[in-house]
Every structure is written in C-alpha cells, then in structure tokens.
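Report on one structure; see the data block that follows.
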Amino acid sequence: RKKVDAMNKAAAELSLANDFIFGEVMRQPENVKPLLEAVLEKKIAEITYIERQQDMKDGVNLHGVRLDVALADADETRYDIEMQTGHAYDLERRIRFYQSSIDRRTLEPAESYRQLRESYIIFICTGDYYKRGLALYKRKSVIEGAEDLTYEDGSHAYILNAAFTVQNMNEPALECLRY
C-alpha cells in the first residue's frame, strides 16, 4: 500500500517540465496544435509529422542536436519545441544551431532558397533567461541603420518563461506556462 501511495504521489508531482511527460503530451496533435496557435497567435495547418527526441547529426566528428519535439504541418512549416529546465547557457547560439539543423533537411537538391520552409524554434524555459519578467521573448531581426526594415528570412525564435511576472501573451499560452 505504501509503495502504491508513493508511486501515486510521484506521478502527481510530475509536471510538463518532465522530459517524458513533455514528450508524451507534445507528440499528440490535439495538444501541440492549440499550444502552437496560442503562442504564435495564428492558425496553423494540420500537423502532418511529429517526432520526439529527433537526433540530427551530419557526421561522426560533428556536434549534433536532439530535438525534444520536431514537427511539421500541411504547409510544410517546421517547428521545434524544447523544454529547458534549470539554467540555460548560450540559448541564442543553440537556437541558431537548431534552426540551421532543421533548415539543412528541408530543401530538396533542385529547390531554390526561396523555397526554404518557415521554421519556428520555441524554448519553454522554467526560469527567466533574460531576467526581465516577460512571459514571451520573441526574436525580431532588423537592418541596422534602418530599423524599420525587418529582416524576413523565415526563421523565428520564441523563448517562453514559465517564471513570468509580465503577462505579454494571450491567456491560453499563459495557462500552458502556468501548468
């Protein structure tokens, strides 16, 4: 009886930040699609592909990545959703590396760079990486000296902060962060 109670308590204490729970929940289209739509604040096409713990490595002697949840939709947009617990290091460079890893696998040999798919890297952090209290930190690229010009290359980076104090996202997205 005590063993069952301990197991039930342990199961109840698991949160979305747990790697196994996160992967299991996010690999279900009925869970991940509403999350993406809430975070991105737009409708997305039907999810056509989801893989947990996708390994990407280009060579034996090269650094690879393991994407927590990699997915694609019917419009061929690529998404990577990562759970970051504890202190994150070099998050901006990790995002760059993850984005390039995804991009290298989306263009067919005869396709032009114009056909490079939209891609979104989303890190859900249990701590506040930038220490400003925002629920959402969204990368925006501009041209230096002409900041009114956005640099649209089809890559997007979102860093979500579960320890937020500033509610700069819609309520459905905030609910996910609270969970």
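So you can find residues: chains in the structure tokens are A, B, ... in the order shown, residues in each start at 1, and ligands are numbered from 1 in order.
Using only C-alpha atoms, the residues found no farther than 9 Å from A:Ala173, other than those of its own chain fewer than 4 positions away, are Pro34, Leu35, Leu36, Glu37, Ala38, Val39, Met169, Leu177 and Arg178 of chain A.
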Non-local contacts of A:Ala157 (7 Å; only C-alpha atoms; under 2 positions in same chain excluded) as a ChimeraX atom specification: /A:120-122,138-139,155,159
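Minimum atom-to-atom distances from A:Ile102, A:Ile44, A:Ala88, A:Ala146 to A:Ala74 were compared using only C-alpha atoms, and the lowest value belongs to A:Ile44.
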List the neighbours of A:Glu24 out to 12 Å using only C-alpha atoms; skip same-chain residues closer than 5 positions along the sequence, and give me the result as a PDB file with all heavy atoms, in the first residue's frame.
```pdb
ATOM      1  N   SER A  15       5.366  17.238 -13.782  1.00  0.00           N
ATOM      2  CA  SER A  15       4.804  18.387 -14.489  1.00  0.00           C
ATOM      3  C   SER A  15       5.194  18.307 -15.958  1.00  0.00           C
ATOM      4  O   SER A  15       5.934  17.418 -16.372  1.00  0.00           O
ATOM      5  CB  SER A  15       5.313  19.692 -13.873  1.00  0.00           C
ATOM      6  OG  SER A  15       6.668  19.907 -14.243  1.00  0.00           O
ATOM      7  N   LEU A  16       4.735  19.268 -16.711  1.00  0.00           N
ATOM      8  CA  LEU A  16       5.069  19.339 -18.127  1.00  0.00           C
ATOM      9  C   LEU A  16       6.574  19.519 -18.342  1.00  0.00           C
ATOM     10  O   LEU A  16       7.097  19.205 -19.400  1.00  0.00           O
ATOM     11  CB  LEU A  16       4.284  20.483 -18.782  1.00  0.00           C
ATOM     12  CG  LEU A  16       4.206  20.514 -20.289  1.00  0.00           C
ATOM     13  CD1 LEU A  16       3.624  19.226 -20.849  1.00  0.00           C
ATOM     14  CD2 LEU A  16       3.392  21.697 -20.755  1.00  0.00           C
ATOM     15  N   ALA A  17       7.275  20.001 -17.325  1.00  0.00           N
ATOM     16  CA  ALA A  17       8.724  20.191 -17.426  1.00  0.00           C
ATOM     17  C   ALA A  17       9.482  18.865 -17.411  1.00  0.00           C
ATOM     18  O   ALA A  17      10.643  18.815 -17.813  1.00  0.00           O
ATOM     19  CB  ALA A  17       9.231  21.089 -16.289  1.00  0.00           C
ATOM     20  N   ASN A  18       8.847  17.783 -16.979  1.00  0.00           N
ATOM     21  CA  ASN A  18       9.467  16.469 -17.011  1.00  0.00           C
ATOM     22  C   ASN A  18       9.635  16.037 -18.469  1.00  0.00           C
ATOM     23  O   ASN A  18       8.687  16.097 -19.245  1.00  0.00           O
ATOM     24  CB  ASN A  18       8.585  15.472 -16.234  1.00  0.00           C
ATOM     25  CG  ASN A  18       9.091  14.054 -16.349  1.00  0.00           C
ATOM     26  OD1 ASN A  18       8.784  13.372 -17.311  1.00  0.00           O
ATOM     27  ND2 ASN A  18       9.856  13.633 -15.363  1.00  0.00           N
ATOM     28  N   ASP A  19      10.813  15.587 -18.826  1.00  0.00           N
ATOM     29  CA  ASP A  19      11.140  15.250 -20.213  1.00  0.00           C
ATOM     30  C   ASP A  19      10.170  14.226 -20.804  1.00  0.00           C
ATOM     31  O   ASP A  19       9.660  14.402 -21.915  1.00  0.00           O
ATOM     32  CB  ASP A  19      12.581  14.728 -20.293  1.00  0.00           C
ATOM     33  CG  ASP A  19      13.030  14.488 -21.713  1.00  0.00           C
ATOM     34  OD1 ASP A  19      12.900  15.419 -22.538  1.00  0.00           O
ATOM     35  OD2 ASP A  19      13.510  13.380 -22.010  1.00  0.00           O
ATOM     36  N   PRO A  29      -1.145  15.611 -31.578  1.00  0.00           N
ATOM     37  CA  PRO A  29      -1.580  16.801 -32.332  1.00  0.00           C
ATOM     38  C   PRO A  29      -2.662  17.613 -31.611  1.00  0.00           C
ATOM     39  O   PRO A  29      -2.653  18.839 -31.677  1.00  0.00           O
ATOM     40  CB  PRO A  29      -2.117  16.229 -33.642  1.00  0.00           C
ATOM     41  CG  PRO A  29      -1.419  14.920 -33.795  1.00  0.00           C
ATOM     42  CD  PRO A  29      -1.217  14.396 -32.392  1.00  0.00           C
ATOM     43  N   GLU A  30      -3.551  16.940 -30.888  1.00  0.00           N
ATOM     44  CA  GLU A  30      -4.624  17.665 -30.205  1.00  0.00           C
ATOM     45  C   GLU A  30      -4.104  18.508 -29.037  1.00  0.00           C
ATOM     46  O   GLU A  30      -4.803  19.391 -28.546  1.00  0.00           O
ATOM     47  CB  GLU A  30      -5.725  16.705 -29.715  1.00  0.00           C
ATOM     48  CG  GLU A  30      -5.281  15.692 -28.691  1.00  0.00           C
ATOM     49  CD  GLU A  30      -4.738  14.388 -29.274  1.00  0.00           C
ATOM     50  OE1 GLU A  30      -4.423  14.335 -30.478  1.00  0.00           O
ATOM     51  OE2 GLU A  30      -4.628  13.416 -28.503  1.00  0.00           O
ATOM     52  N   ASN A  31      -2.870  18.272 -28.603  1.00  0.00           N
ATOM     53  CA  ASN A  31      -2.242  19.091 -27.556  1.00  0.00           C
ATOM     54  C   ASN A  31      -1.320  20.151 -28.143  1.00  0.00           C
ATOM     55  O   ASN A  31      -1.340  21.301 -27.741  1.00  0.00           O
ATOM     56  CB  ASN A  31      -1.431  18.217 -26.595  1.00  0.00           C
ATOM     57  CG  ASN A  31      -2.283  17.253 -25.827  1.00  0.00           C
ATOM     58  OD1 ASN A  31      -3.440  17.526 -25.521  1.00  0.00           O
ATOM     59  ND2 ASN A  31      -1.738  16.095 -25.513  1.00  0.00           N
ATOM     60  N   VAL A  32      -0.481  19.736 -29.095  1.00  0.00           N
ATOM     61  CA  VAL A  32       0.553  20.633 -29.598  1.00  0.00           C
ATOM     62  C   VAL A  32      -0.011  21.702 -30.540  1.00  0.00           C
ATOM     63  O   VAL A  32       0.459  22.842 -30.525  1.00  0.00           O
ATOM     64  CB  VAL A  32       1.715  19.833 -30.248  1.00  0.00           C
ATOM     65  CG1 VAL A  32       1.321  19.269 -31.598  1.00  0.00           C
ATOM     66  CG2 VAL A  32       2.970  20.679 -30.346  1.00  0.00           C
ATOM     67  N   ILE A  50       5.170  14.394 -36.432  1.00  0.00           N
ATOM     68  CA  ILE A  50       5.689  14.681 -35.089  1.00  0.00           C
ATOM     69  C   ILE A  50       6.683  13.595 -34.732  1.00  0.00           C
ATOM     70  O   ILE A  50       6.412  12.405 -34.909  1.00  0.00           O
ATOM     71  CB  ILE A  50       4.577  14.695 -34.010  1.00  0.00           C
ATOM     72  CG1 ILE A  50       3.525  15.762 -34.292  1.00  0.00           C
ATOM     73  CG2 ILE A  50       5.188  14.931 -32.622  1.00  0.00           C
ATOM     74  CD1 ILE A  50       2.373  15.772 -33.297  1.00  0.00           C
ATOM     75  N   GLU A  51       7.833  14.005 -34.212  1.00  0.00           N
ATOM     76  CA  GLU A  51       8.814  13.037 -33.727  1.00  0.00           C
ATOM     77  C   GLU A  51       9.418  13.560 -32.432  1.00  0.00           C
ATOM     78  O   GLU A  51       9.827  14.711 -32.343  1.00  0.00           O
ATOM     79  CB  GLU A  51       9.923  12.813 -34.763  1.00  0.00           C
ATOM     80  CG  GLU A  51      10.904  11.746 -34.323  1.00  0.00           C
ATOM     81  CD  GLU A  51      11.963  11.429 -35.364  1.00  0.00           C
ATOM     82  OE1 GLU A  51      11.781  11.795 -36.534  1.00  0.00           O
ATOM     83  OE2 GLU A  51      12.970  10.813 -34.995  1.00  0.00           O
ATOM     84  N   ARG A  52       9.463  12.695 -31.434  1.00  0.00           N
ATOM     85  CA  ARG A  52      10.112  13.007 -30.158  1.00  0.00           C
ATOM     86  C   ARG A  52      11.576  12.631 -30.233  1.00  0.00           C
ATOM     87  O   ARG A  52      11.951  11.641 -30.843  1.00  0.00           O
ATOM     88  CB  ARG A  52       9.483  12.196 -29.021  1.00  0.00           C
ATOM     89  CG  ARG A  52       8.135  12.628 -28.597  1.00  0.00           C
ATOM     90  CD  ARG A  52       7.627  11.778 -27.431  1.00  0.00           C
ATOM     91  NE  ARG A  52       8.574  11.720 -26.338  1.00  0.00           N
ATOM     92  CZ  ARG A  52       8.892  10.599 -25.692  1.00  0.00           C
ATOM     93  NH1 ARG A  52       8.362   9.465 -26.010  1.00  0.00           N
ATOM     94  NH2 ARG A  52       9.758  10.637 -24.698  1.00  0.00           N
ATOM     95  N   GLN A  53      12.397  13.439 -29.576  1.00  0.00           N
ATOM     96  CA  GLN A  53      13.821  13.127 -29.441  1.00  0.00           C
ATOM     97  C   GLN A  53      14.473  12.825 -30.789  1.00  0.00           C
ATOM     98  O   GLN A  53      15.161  11.824 -30.951  1.00  0.00           O
ATOM     99  CB  GLN A  53      14.032  11.962 -28.469  1.00  0.00           C
ATOM    100  CG  GLN A  53      13.499  12.205 -27.081  1.00  0.00           C
ATOM    101  CD  GLN A  53      14.233  13.296 -26.336  1.00  0.00           C
ATOM    102  OE1 GLN A  53      15.428  13.489 -26.513  1.00  0.00           O
ATOM    103  NE2 GLN A  53      13.520  14.052 -25.512  1.00  0.00           N
ATOM    104  N   ASP A  68      13.675  18.021 -28.883  1.00  0.00           N
ATOM    105  CA  ASP A  68      12.691  17.430 -27.971  1.00  0.00           C
ATOM    106  C   ASP A  68      11.446  16.997 -28.733  1.00  0.00           C
ATOM    107  O   ASP A  68      11.028  15.854 -28.652  1.00  0.00           O
ATOM    108  CB  ASP A  68      12.297  18.428 -26.875  1.00  0.00           C
ATOM    109  CG  ASP A  68      13.375  18.586 -25.818  1.00  0.00           C
ATOM    110  OD1 ASP A  68      14.371  17.848 -25.845  1.00  0.00           O
ATOM    111  OD2 ASP A  68      13.211  19.458 -24.942  1.00  0.00           O
ATOM    112  N   VAL A  69      10.834  17.938 -29.464  1.00  0.00           N
ATOM    113  CA  VAL A  69       9.649  17.629 -30.262  1.00  0.00           C
ATOM    114  C   VAL A  69       9.776  18.358 -31.595  1.00  0.00           C
ATOM    115  O   VAL A  69       9.702  19.587 -31.645  1.00  0.00           O
ATOM    116  CB  VAL A  69       8.340  18.042 -29.549  1.00  0.00           C
ATOM    117  CG1 VAL A  69       7.130  17.699 -30.405  1.00  0.00           C
ATOM    118  CG2 VAL A  69       8.233  17.397 -28.183  1.00  0.00           C
TER     119      VAL A  69
END
```
Tell me which protein, DNA and RNA residues are within 12 Å of A:Glu118, counting only C-alpha atoms, leaving out same-chain ones fewer than 2 positions away, and put them as a ChimeraX atom specification. /A:44,72-73,75-80,99-100,102-103,106-107,113-116,120-121,152-157
Selection from above, N, CA and C atoms, as a short mmCIF file (atom, residue, chain, number, x, y, z; two decimals), in the first residue's frame, can you write it?
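Below you can see part24.cif, which holds the result:
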```cif
data_model
loop_
_atom_site.label_atom_id
_atom_site.label_comp_id
_atom_site.auth_asym_id
_atom_site.auth_seq_id
_atom_site.Cartn_x
_atom_site.Cartn_y
_atom_site.Cartn_z
N ILE A 44 -2.63 27.43 -37.54
CA ILE A 44 -1.62 26.69 -38.30
C ILE A 44 -2.32 25.53 -39.00
N ALA A 72 5.98 19.14 -38.22
CA ALA A 72 5.71 19.88 -39.45
C ALA A 72 4.21 19.91 -39.65
N ASP A 73 3.76 20.93 -40.40
CA ASP A 73 2.33 20.99 -40.70
C ASP A 73 2.11 20.83 -42.20
N ASP A 75 1.38 22.87 -44.40
CA ASP A 75 2.01 23.93 -45.20
C ASP A 75 3.52 23.76 -45.28
N GLU A 76 4.05 22.68 -44.71
CA GLU A 76 5.47 22.35 -44.67
C GLU A 76 6.27 23.28 -43.76
N THR A 77 5.61 23.98 -42.87
CA THR A 77 6.30 24.78 -41.86
C THR A 77 6.88 23.81 -40.83
N ARG A 78 8.10 24.09 -40.41
CA ARG A 78 8.79 23.23 -39.44
C ARG A 78 8.75 23.91 -38.06
N TYR A 79 8.62 23.08 -37.03
CA TYR A 79 8.59 23.56 -35.65
C TYR A 79 9.49 22.66 -34.80
N ASP A 80 10.14 23.27 -33.84
CA ASP A 80 10.87 22.54 -32.81
C ASP A 80 10.47 23.15 -31.48
N GLN A 99 18.13 25.84 -35.57
CA GLN A 99 17.47 26.36 -36.77
C GLN A 99 18.22 25.88 -38.03
N SER A 100 19.53 25.98 -38.01
CA SER A 100 20.30 25.56 -39.19
C SER A 100 20.20 24.05 -39.40
N ILE A 102 17.63 22.17 -38.75
CA ILE A 102 16.32 21.94 -39.37
C ILE A 102 16.35 22.38 -40.84
N ASP A 103 16.88 23.56 -41.09
CA ASP A 103 16.91 24.11 -42.45
C ASP A 103 17.64 23.19 -43.43
N THR A 106 15.38 20.58 -45.11
CA THR A 106 14.10 20.94 -45.70
C THR A 106 14.15 21.24 -47.19
N LEU A 107 15.31 21.56 -47.72
CA LEU A 107 15.42 21.89 -49.15
C LEU A 107 15.85 20.67 -49.96
N TYR A 113 16.53 28.75 -52.75
CA TYR A 113 16.46 29.23 -51.38
C TYR A 113 15.11 29.86 -51.07
N ARG A 114 14.41 30.37 -52.10
CA ARG A 114 13.06 30.92 -51.89
C ARG A 114 12.10 29.87 -51.33
N GLN A 115 12.41 28.62 -51.59
CA GLN A 115 11.53 27.53 -51.15
C GLN A 115 11.89 26.99 -49.76
N LEU A 116 12.86 27.61 -49.12
CA LEU A 116 13.22 27.22 -47.76
C LEU A 116 12.00 27.43 -46.85
N TYR A 120 10.17 27.50 -36.87
CA TYR A 120 9.99 28.09 -35.54
C TYR A 120 10.72 27.24 -34.51
N ILE A 121 11.58 27.88 -33.74
CA ILE A 121 12.22 27.24 -32.60
C ILE A 121 11.58 27.87 -31.37
N GLU A 152 13.37 39.50 -42.99
CA GLU A 152 12.48 38.33 -43.05
C GLU A 152 13.16 37.17 -43.76
N ASP A 153 13.72 36.26 -42.97
CA ASP A 153 14.35 35.08 -43.57
C ASP A 153 13.55 33.80 -43.33
N GLY A 154 12.38 33.93 -42.70
CA GLY A 154 11.53 32.77 -42.47
C GLY A 154 11.86 31.99 -41.21
N SER A 155 12.86 32.45 -40.47
CA SER A 155 13.20 31.77 -39.21
C SER A 155 12.64 32.58 -38.05
N HIS A 156 12.14 31.87 -37.06
CA HIS A 156 11.50 32.51 -35.92
C HIS A 156 11.99 31.85 -34.64
N ALA A 157 12.21 32.65 -33.60
CA ALA A 157 12.63 32.11 -32.31
C ALA A 157 11.78 32.73 -31.21
#
```
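Across A:Leu149, A:Cys176, A:Val25, A:Leu91, the tightest approach to A:Asp128 is made by A:Leu91 when counting only C-alpha atoms.
Of note, atom CA of A:Tyr89 and atom CA of A:Lys131 are spaced 13.6 Å apart.
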Would you please extract all alpha helix (DSSP H) residues from chain A, as assigned by DSSP on the backbone, and give them as number ranges by chain? A: 2-13, 19-26, 29-40, 91-103, 171-178
